[in-house]
Amino acid sequence: MTLTLGMITFDSLDPGPLARWWAEQLGGSVTQENDGWFYVVEVPGASANFAFQKVPDPTAGKNRIHLDLSSEDLDAEVSRLIEAGASEHHRENMDGFRWVTLTDPDGNQFCLSGAHS
């Protein structure tokens with residue numbers, strides 16, 4: 001028996017704006033809204049959908065699972081994401097491999113890496 005990844009789900013106090021933000025950043029679209037409590041974002045070419053569900057209380061502390069994304073132009077993409085509402089948390093350069101940890105508008109951390117040099 002094997003598992004199949006169906007969805008990556010984020011908890012949010014206000015999932016609609018967060019779902020639309022991620023859809024725009026990933027080139028996807030919100031395909032389900034489910035009365036404002038559960039949103040589904042489909043991204044072309046992704047093997048799983050993203051979901052955003054309404055919760056009564058925010059999750060405290062650092063999220064234990066995060067997305068690792070990549071871009072051919074790390075600096076330009078970081079700038080674009082910040083202009084769109086992300087915040088920079090940390091930059092790292094390890095043996096020529098660079099990445100930036102960012103947070104989305106709800107404070108969920110995700111990493112963006114550039115090409116390995």
# chains A, B, ... in the order shown; residues from 1 in each chain; ligands from 1
>>> residues_around(residues="stretch 98-109 of chain A", least_positions_apart="2", cutoff="9 Å", atoms="only C-alpha atoms", output="MDAnalysis selection string")
chainID A and resid 10 12:14 17:18 21:22 62:63 65:67 70 74 78 81:82 85:96 111:117
>>> write_last_selection(atoms="N, CA, C and O atoms", output="short mmCIF file (atom, residue, chain, number, x, y, z; two decimals), in the first residue's frame")
data_model
loop_
_atom_site.label_atom_id
_atom_site.label_comp_id
_atom_site.auth_asym_id
_atom_site.auth_seq_id
_atom_site.Cartn_x
_atom_site.Cartn_y
_atom_site.Cartn_z
N PHE A 10 -3.69 24.66 4.85
CA PHE A 10 -3.29 25.71 5.79
C PHE A 10 -4.48 26.06 6.67
O PHE A 10 -5.60 26.20 6.17
N SER A 12 -6.35 28.92 8.92
CA SER A 12 -6.38 30.38 8.87
C SER A 12 -7.62 30.91 9.56
O SER A 12 -8.68 30.27 9.52
N LEU A 13 -7.49 32.07 10.19
CA LEU A 13 -8.66 32.74 10.76
C LEU A 13 -9.54 33.33 9.67
O LEU A 13 -10.75 33.47 9.83
N ASP A 14 -8.94 33.67 8.53
CA ASP A 14 -9.65 34.26 7.39
C ASP A 14 -9.11 33.63 6.11
O ASP A 14 -8.26 34.21 5.43
N PRO A 17 -8.93 35.40 1.81
CA PRO A 17 -7.83 36.23 1.29
C PRO A 17 -6.52 35.46 1.17
O PRO A 17 -5.76 35.67 0.22
N LEU A 18 -6.26 34.55 2.11
CA LEU A 18 -5.02 33.78 2.04
C LEU A 18 -5.03 32.84 0.84
O LEU A 18 -4.03 32.71 0.14
N TRP A 21 -4.41 34.89 -2.21
CA TRP A 21 -3.01 35.33 -2.26
C TRP A 21 -2.13 34.21 -2.80
O TRP A 21 -1.33 34.42 -3.72
N TRP A 22 -2.27 33.00 -2.26
CA TRP A 22 -1.45 31.88 -2.73
C TRP A 22 -1.78 31.52 -4.18
O TRP A 22 -0.90 31.20 -4.97
N LYS A 62 6.06 28.62 15.33
CA LYS A 62 6.51 28.34 13.95
C LYS A 62 5.76 27.13 13.40
O LYS A 62 5.59 26.14 14.08
N ASN A 63 5.33 27.25 12.13
CA ASN A 63 4.69 26.09 11.52
C ASN A 63 5.72 24.97 11.34
O ASN A 63 6.87 25.21 11.02
N ILE A 65 5.57 22.35 9.23
CA ILE A 65 5.71 21.95 7.83
C ILE A 65 5.68 23.23 7.00
O ILE A 65 4.90 24.13 7.28
N HIS A 66 6.56 23.29 6.01
CA HIS A 66 6.55 24.49 5.17
C HIS A 66 6.81 24.11 3.72
O HIS A 66 7.29 23.03 3.43
N LEU A 67 6.48 25.02 2.83
CA LEU A 67 6.71 24.82 1.40
C LEU A 67 8.13 25.24 1.06
O LEU A 67 8.64 26.24 1.57
N SER A 70 11.08 27.28 -5.60
CA SER A 70 12.32 27.69 -6.26
C SER A 70 12.01 28.66 -7.39
O SER A 70 10.89 28.70 -7.90
N LEU A 74 16.07 34.40 -7.92
CA LEU A 74 15.71 34.45 -6.51
C LEU A 74 15.42 35.87 -6.05
O LEU A 74 14.38 36.14 -5.45
N VAL A 78 11.82 37.23 -4.73
CA VAL A 78 11.66 37.69 -3.34
C VAL A 78 11.06 39.08 -3.33
O VAL A 78 10.11 39.37 -2.59
N LEU A 81 7.35 38.88 -4.25
CA LEU A 81 6.53 38.34 -3.16
C LEU A 81 6.35 39.35 -2.03
O LEU A 81 5.26 39.47 -1.47
N ILE A 82 7.40 40.08 -1.72
CA ILE A 82 7.28 41.11 -0.67
C ILE A 82 6.32 42.20 -1.10
O ILE A 82 5.47 42.64 -0.32
N GLY A 85 2.83 41.15 -0.50
CA GLY A 85 2.35 41.00 0.87
C GLY A 85 3.11 40.02 1.74
O GLY A 85 2.79 39.85 2.91
N ALA A 86 4.12 39.34 1.19
CA ALA A 86 4.95 38.46 2.01
C ALA A 86 5.92 39.30 2.82
O ALA A 86 6.14 40.48 2.53
N SER A 87 6.52 38.69 3.83
CA SER A 87 7.55 39.35 4.64
C SER A 87 8.79 38.48 4.65
O SER A 87 8.70 37.25 4.71
N GLU A 88 9.95 39.13 4.61
CA GLU A 88 11.21 38.38 4.68
C GLU A 88 11.52 38.05 6.12
O GLU A 88 11.45 38.90 7.00
N HIS A 89 11.90 36.80 6.35
CA HIS A 89 12.24 36.34 7.70
C HIS A 89 13.74 36.12 7.85
O HIS A 89 14.32 36.49 8.86
N HIS A 90 14.38 35.49 6.85
CA HIS A 90 15.79 35.10 6.99
C HIS A 90 16.39 34.80 5.62
O HIS A 90 15.72 34.26 4.75
N ARG A 91 17.67 35.12 5.45
CA ARG A 91 18.42 34.76 4.23
C ARG A 91 19.53 33.81 4.62
O ARG A 91 20.14 33.94 5.67
N GLU A 92 19.84 32.89 3.69
CA GLU A 92 20.88 31.90 3.95
C GLU A 92 21.66 31.65 2.67
O GLU A 92 21.10 31.69 1.57
N ASN A 93 22.97 31.39 2.81
CA ASN A 93 23.82 31.02 1.69
C ASN A 93 24.76 29.92 2.19
O ASN A 93 25.61 30.17 3.02
N MET A 94 24.55 28.71 1.69
CA MET A 94 25.34 27.57 2.13
C MET A 94 26.06 26.98 0.94
O MET A 94 25.43 26.37 0.07
N ASP A 95 27.35 27.22 0.88
CA ASP A 95 28.17 26.69 -0.22
C ASP A 95 27.63 27.07 -1.59
O ASP A 95 27.58 26.26 -2.51
N GLY A 96 27.19 28.32 -1.73
CA GLY A 96 26.68 28.80 -3.01
C GLY A 96 25.21 28.52 -3.25
O GLY A 96 24.66 28.98 -4.25
N CYS A 111 10.01 28.68 2.15
CA CYS A 111 11.35 28.98 1.67
C CYS A 111 11.34 29.10 0.15
O CYS A 111 10.63 28.38 -0.54
N LEU A 112 12.19 30.01 -0.34
CA LEU A 112 12.36 30.20 -1.77
C LEU A 112 13.85 30.12 -2.05
O LEU A 112 14.63 30.84 -1.43
N SER A 113 14.22 29.21 -2.95
CA SER A 113 15.64 29.04 -3.28
C SER A 113 15.89 29.47 -4.73
O SER A 113 14.97 29.52 -5.55
N GLY A 114 17.16 29.75 -4.99
CA GLY A 114 17.59 30.08 -6.33
C GLY A 114 18.32 28.88 -6.93
O GLY A 114 18.39 27.82 -6.33
N ALA A 115 18.89 29.09 -8.10
CA ALA A 115 19.66 28.04 -8.76
C ALA A 115 20.95 27.79 -7.99
O ALA A 115 21.56 28.72 -7.47
N HIS A 116 21.36 26.54 -7.90
CA HIS A 116 22.60 26.19 -7.21
C HIS A 116 23.78 26.57 -8.09
O HIS A 116 23.82 26.26 -9.27
N SER A 117 24.74 27.31 -7.51
CA SER A 117 25.88 27.76 -8.31
C SER A 117 27.13 26.97 -7.98
O SER A 117 27.21 26.26 -7.04
#
>>> select_by_dssp(residues="stretch 52-81 of chain A", states="alpha helix (DSSP H)", output="NGL selection string")
:A and (74-81)
>>> write_last_selection(atoms="all heavy atoms", output="PDB file, in the first residue's frame")
ATOM      1  N   LEU A  74      16.074  34.397  -7.920  1.00  0.00           N
ATOM      2  CA  LEU A  74      15.713  34.450  -6.511  1.00  0.00           C
ATOM      3  C   LEU A  74      15.417  35.871  -6.051  1.00  0.00           C
ATOM      4  O   LEU A  74      14.377  36.138  -5.447  1.00  0.00           O
ATOM      5  CB  LEU A  74      16.822  33.828  -5.658  1.00  0.00           C
ATOM      6  CG  LEU A  74      16.625  33.894  -4.144  1.00  0.00           C
ATOM      7  CD1 LEU A  74      15.384  33.139  -3.712  1.00  0.00           C
ATOM      8  CD2 LEU A  74      17.861  33.352  -3.432  1.00  0.00           C
ATOM      9  N   ASP A  75      16.316  36.800  -6.317  1.00  0.00           N
ATOM     10  CA  ASP A  75      16.159  38.160  -5.815  1.00  0.00           C
ATOM     11  C   ASP A  75      14.916  38.847  -6.381  1.00  0.00           C
ATOM     12  O   ASP A  75      14.178  39.513  -5.650  1.00  0.00           O
ATOM     13  CB  ASP A  75      17.409  38.992  -6.099  1.00  0.00           C
ATOM     14  CG  ASP A  75      18.625  38.444  -5.353  1.00  0.00           C
ATOM     15  OD1 ASP A  75      18.463  38.000  -4.204  1.00  0.00           O
ATOM     16  OD2 ASP A  75      19.725  38.455  -5.931  1.00  0.00           O
ATOM     17  N   ALA A  76      14.670  38.676  -7.663  1.00  0.00           N
ATOM     18  CA  ALA A  76      13.491  39.287  -8.283  1.00  0.00           C
ATOM     19  C   ALA A  76      12.211  38.686  -7.709  1.00  0.00           C
ATOM     20  O   ALA A  76      11.233  39.401  -7.451  1.00  0.00           O
ATOM     21  CB  ALA A  76      13.525  39.112  -9.805  1.00  0.00           C
ATOM     22  N   GLU A  77      12.210  37.383  -7.490  1.00  0.00           N
ATOM     23  CA  GLU A  77      11.009  36.723  -6.970  1.00  0.00           C
ATOM     24  C   GLU A  77      10.763  37.103  -5.513  1.00  0.00           C
ATOM     25  O   GLU A  77       9.615  37.317  -5.102  1.00  0.00           O
ATOM     26  CB  GLU A  77      11.108  35.210  -7.132  1.00  0.00           C
ATOM     27  CG  GLU A  77       9.810  34.487  -6.884  1.00  0.00           C
ATOM     28  CD  GLU A  77       8.700  34.828  -7.879  1.00  0.00           C
ATOM     29  OE1 GLU A  77       8.943  35.475  -8.909  1.00  0.00           O
ATOM     30  OE2 GLU A  77       7.547  34.455  -7.602  1.00  0.00           O
ATOM     31  N   VAL A  78      11.823  37.230  -4.727  1.00  0.00           N
ATOM     32  CA  VAL A  78      11.664  37.686  -3.338  1.00  0.00           C
ATOM     33  C   VAL A  78      11.062  39.083  -3.333  1.00  0.00           C
ATOM     34  O   VAL A  78      10.113  39.367  -2.587  1.00  0.00           O
ATOM     35  CB  VAL A  78      13.005  37.645  -2.571  1.00  0.00           C
ATOM     36  CG1 VAL A  78      12.913  38.417  -1.267  1.00  0.00           C
ATOM     37  CG2 VAL A  78      13.427  36.207  -2.307  1.00  0.00           C
ATOM     38  N   SER A  79      11.568  39.963  -4.166  1.00  0.00           N
ATOM     39  CA  SER A  79      11.026  41.325  -4.255  1.00  0.00           C
ATOM     40  C   SER A  79       9.555  41.310  -4.656  1.00  0.00           C
ATOM     41  O   SER A  79       8.730  42.025  -4.079  1.00  0.00           O
ATOM     42  CB  SER A  79      11.826  42.160  -5.258  1.00  0.00           C
ATOM     43  OG  SER A  79      13.123  42.370  -4.789  1.00  0.00           O
ATOM     44  N   ARG A  80       9.211  40.484  -5.638  1.00  0.00           N
ATOM     45  CA  ARG A  80       7.822  40.398  -6.096  1.00  0.00           C
ATOM     46  C   ARG A  80       6.910  39.915  -4.969  1.00  0.00           C
ATOM     47  O   ARG A  80       5.835  40.466  -4.736  1.00  0.00           O
ATOM     48  CB  ARG A  80       7.701  39.462  -7.298  1.00  0.00           C
ATOM     49  CG  ARG A  80       6.288  39.426  -7.893  1.00  0.00           C
ATOM     50  CD  ARG A  80       6.131  38.331  -8.921  1.00  0.00           C
ATOM     51  NE  ARG A  80       6.083  37.012  -8.333  1.00  0.00           N
ATOM     52  CZ  ARG A  80       5.006  36.501  -7.708  1.00  0.00           C
ATOM     53  NH1 ARG A  80       3.910  37.211  -7.556  1.00  0.00           N
ATOM     54  NH2 ARG A  80       5.036  35.269  -7.223  1.00  0.00           N
ATOM     55  N   LEU A  81       7.353  38.883  -4.246  1.00  0.00           N
ATOM     56  CA  LEU A  81       6.533  38.338  -3.161  1.00  0.00           C
ATOM     57  C   LEU A  81       6.352  39.348  -2.034  1.00  0.00           C
ATOM     58  O   LEU A  81       5.262  39.470  -1.470  1.00  0.00           O
ATOM     59  CB  LEU A  81       7.144  37.036  -2.646  1.00  0.00           C
ATOM     60  CG  LEU A  81       6.997  35.848  -3.593  1.00  0.00           C
ATOM     61  CD1 LEU A  81       7.950  34.728  -3.203  1.00  0.00           C
ATOM     62  CD2 LEU A  81       5.556  35.357  -3.610  1.00  0.00           C
TER      63      LEU A  81
END
>>> residues_around(residues="A:Met7", least_positions_apart="3", cutoff="7 Å", atoms="only C-alpha atoms", output="JSON, numbers by chain")
{"A": [48, 49, 50, 51]}
>>> residues_around(residues="A:Gly36", least_positions_apart="6", cutoff="8 Å", atoms="only C-alpha atoms", output="ChimeraX atom specification")
/A:15-16,54
>>> residues_around(residues="A:Glu42", least_positions_apart="3", cutoff="12 Å", atoms="only C-alpha atoms", output="ChimeraX atom specification")
/A:6-8,19-20,22-32,39,45-52
>>> select_by_dssp(residues="stretch 49-98 of chain A", states="strand (DSSP E)", output="ChimeraX atom specification")
/A:49-54,67-70,87-94,97-98
>>> atom_distance(atom1="atom CA of A:Val43", atom2="atom CA of A:Phe97")
26.3 Å
>>> closest_residue(among="A:Phe110, A:Thr9, A:Trp37, A:Leu3", to="A:Asp68", atoms="only C-alpha atoms")
A:Phe110
